[in-house]
Structure formats: structure tokens, C-alpha cells
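A short write-up of the structure that comes next.
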Amino acid sequence: MYKSIQLSHEEHTTAVIETALRKHCIDESSNDQYSLLQVLPDGTELTIPDKANVFYAMTQSVPDLKFLLRRKQSIPVPTTESRPVMKKKNRLSLSR
């Protein structure tokens with residue numbers, strides 16, 4: 001679903017994400033769970049950094065400005081059970 005958002009040269013990523021979430025009736029406090037991407041004409045996506053000024057971070061040389069709001073994927077942290085166990089092979093021995 002497309003929604004229009006007017007950007008000024010002072011808008012930062014978090015504010016734009018909050019506005020987009022509000023327009024889509026999603027809780028604005030979850031803005032840290034989303035990332036803002038610009039869809040370029042060739043289909044590639046440009047991720048706008050979290051603390052960037054969107055106006056200056058986006059590619060402005062395209063005829064049609066399209067953005068995408070995507071939920072960030074959490075990266076699983078390996079537990080001690082899933083980590084490989086390293087064997088201590090190279091022990092230093094001192095001779096006296």
C-alpha cells in the first residue's frame with residue numbers, strides 16, 4: 001500500500017519512520033524495529049542510515065522518489081551450546 005509523505009530538508013530517518021508508521025496505523029514507538037530504504041529505478045534498494053538526514057542521504061537524481069519501510073531482521077546470537085569447541089593444540093612448553 002502506498003502512502004505519501006512530504007519531506008523537508010530537516011527530516012531525519014526516525015521522524016520519517018514514525019510518520020510512515022502513523023500513516024499505516026502501526027505503533028510509532030516501534031520505530032527502532034524498522035528501516036527506511038529508497039527503491040531506485042533499476043530495482044536496487046538504498047538503505048537510509050538510522051540517524052541520517054533523509055533529504056541529503058537519498059538519491060535525488062531519480063525521476064520518481066519511492067521509499068520502502070521494512071522491519072529489521074534480528075540476528076541470532078550464538079549460545080555456548082551452538083558454538084564450536086576449540087581444542088587447545090598449540091601449547092607452549094618451557095624447558096628449564
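Residues are referred to by chain and number: the chain letter is A, B, ... according to the order shown in the C-alpha cells, the number counts from 1 in that chain, and ligands are numbered separately from 1 in the order shown.
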Item checked: Residue neighbourhood stretch 22-34 of chain A, 12 Å, only C-alpha atoms, exclusion window fewer than 6 positions, as a list in words ->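 After dropping sequence-adjacent residues, the list is Met1, Tyr2, Lys3, Ser4, Ile5, Thr13, Thr14, Ala15, Val16, Thr47, Ile48, Pro49, Asp50, Lys51, Leu68, Leu69, Arg70, Arg71, Lys72, Gln73 and Ser74 of chain A.
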If you keep C-alpha atoms, can you produce a file of those selected residues as a compact mmCIF listing (two decimals), in the first residue's frame?
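Once written, selection32.txt looks like this:
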# COMPACT_ATOMS: atom_id res chain seq x y z
CA MET A 1 0.00 0.00 0.00
CA TYR A 2 1.37 3.40 -0.98
CA LYS A 3 1.19 6.42 1.31
CA SER A 4 2.52 9.90 0.55
CA ILE A 5 4.78 11.69 3.00
CA THR A 13 15.20 8.91 9.49
CA THR A 14 13.49 8.27 12.84
CA ALA A 15 10.95 11.05 12.23
CA VAL A 16 10.17 9.77 8.72
CA THR A 47 19.28 1.83 2.93
CA ILE A 48 18.98 5.21 4.61
CA PRO A 49 21.11 5.18 7.80
CA ASP A 50 19.19 5.35 11.09
CA LYS A 51 20.46 8.78 12.17
CA LEU A 68 10.10 1.28 1.44
CA LEU A 69 9.61 0.70 5.15
CA ARG A 70 10.96 -2.71 6.17
CA ARG A 71 11.02 -4.46 9.53
CA LYS A 72 14.61 -5.11 10.62
CA GLN A 73 15.59 -8.74 10.99
CA SER A 74 17.09 -9.74 14.28
Margin query: as a ChimeraX atom specification, please: every residue in stretch 42-78 of chain A that DSSP puts in strand (DSSP E or B).
Written below: /A:45-48,53,66-71
Next item on the list: Would you mind listing what lies within 12 Å of A:Gln6 as JSON, numbers by chain, with only C-alpha atoms counted and same-chain residues fewer than 5 positions away left out?
Entry: {"A": [11, 15, 16, 19, 20, 54, 55, 65, 67]}
Note to self: Taking only stretch 24-86 of chain A into account, list the residues labelled alpha helix (DSSP H) by DSSP (computed from the backbone), as a PyMOL selection string.
What the structure shows: chain A and resi 54-57
Next item on the list: Calculate how many Å separate atom CA of A:His9 from atom CA of A:Met58, rounding to one decimal.
Entry: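 That distance, rounded to one decimal, is 11.0 Å.
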Next item on the list: Using only C-alpha atoms, find the one residue out of A:Ile17, A:Leu7, A:Ala52, A:Val62 that sits nearest to A:Ser35.
Entry: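 Closest to A:Ser35 of all the choices is A:Ile17.
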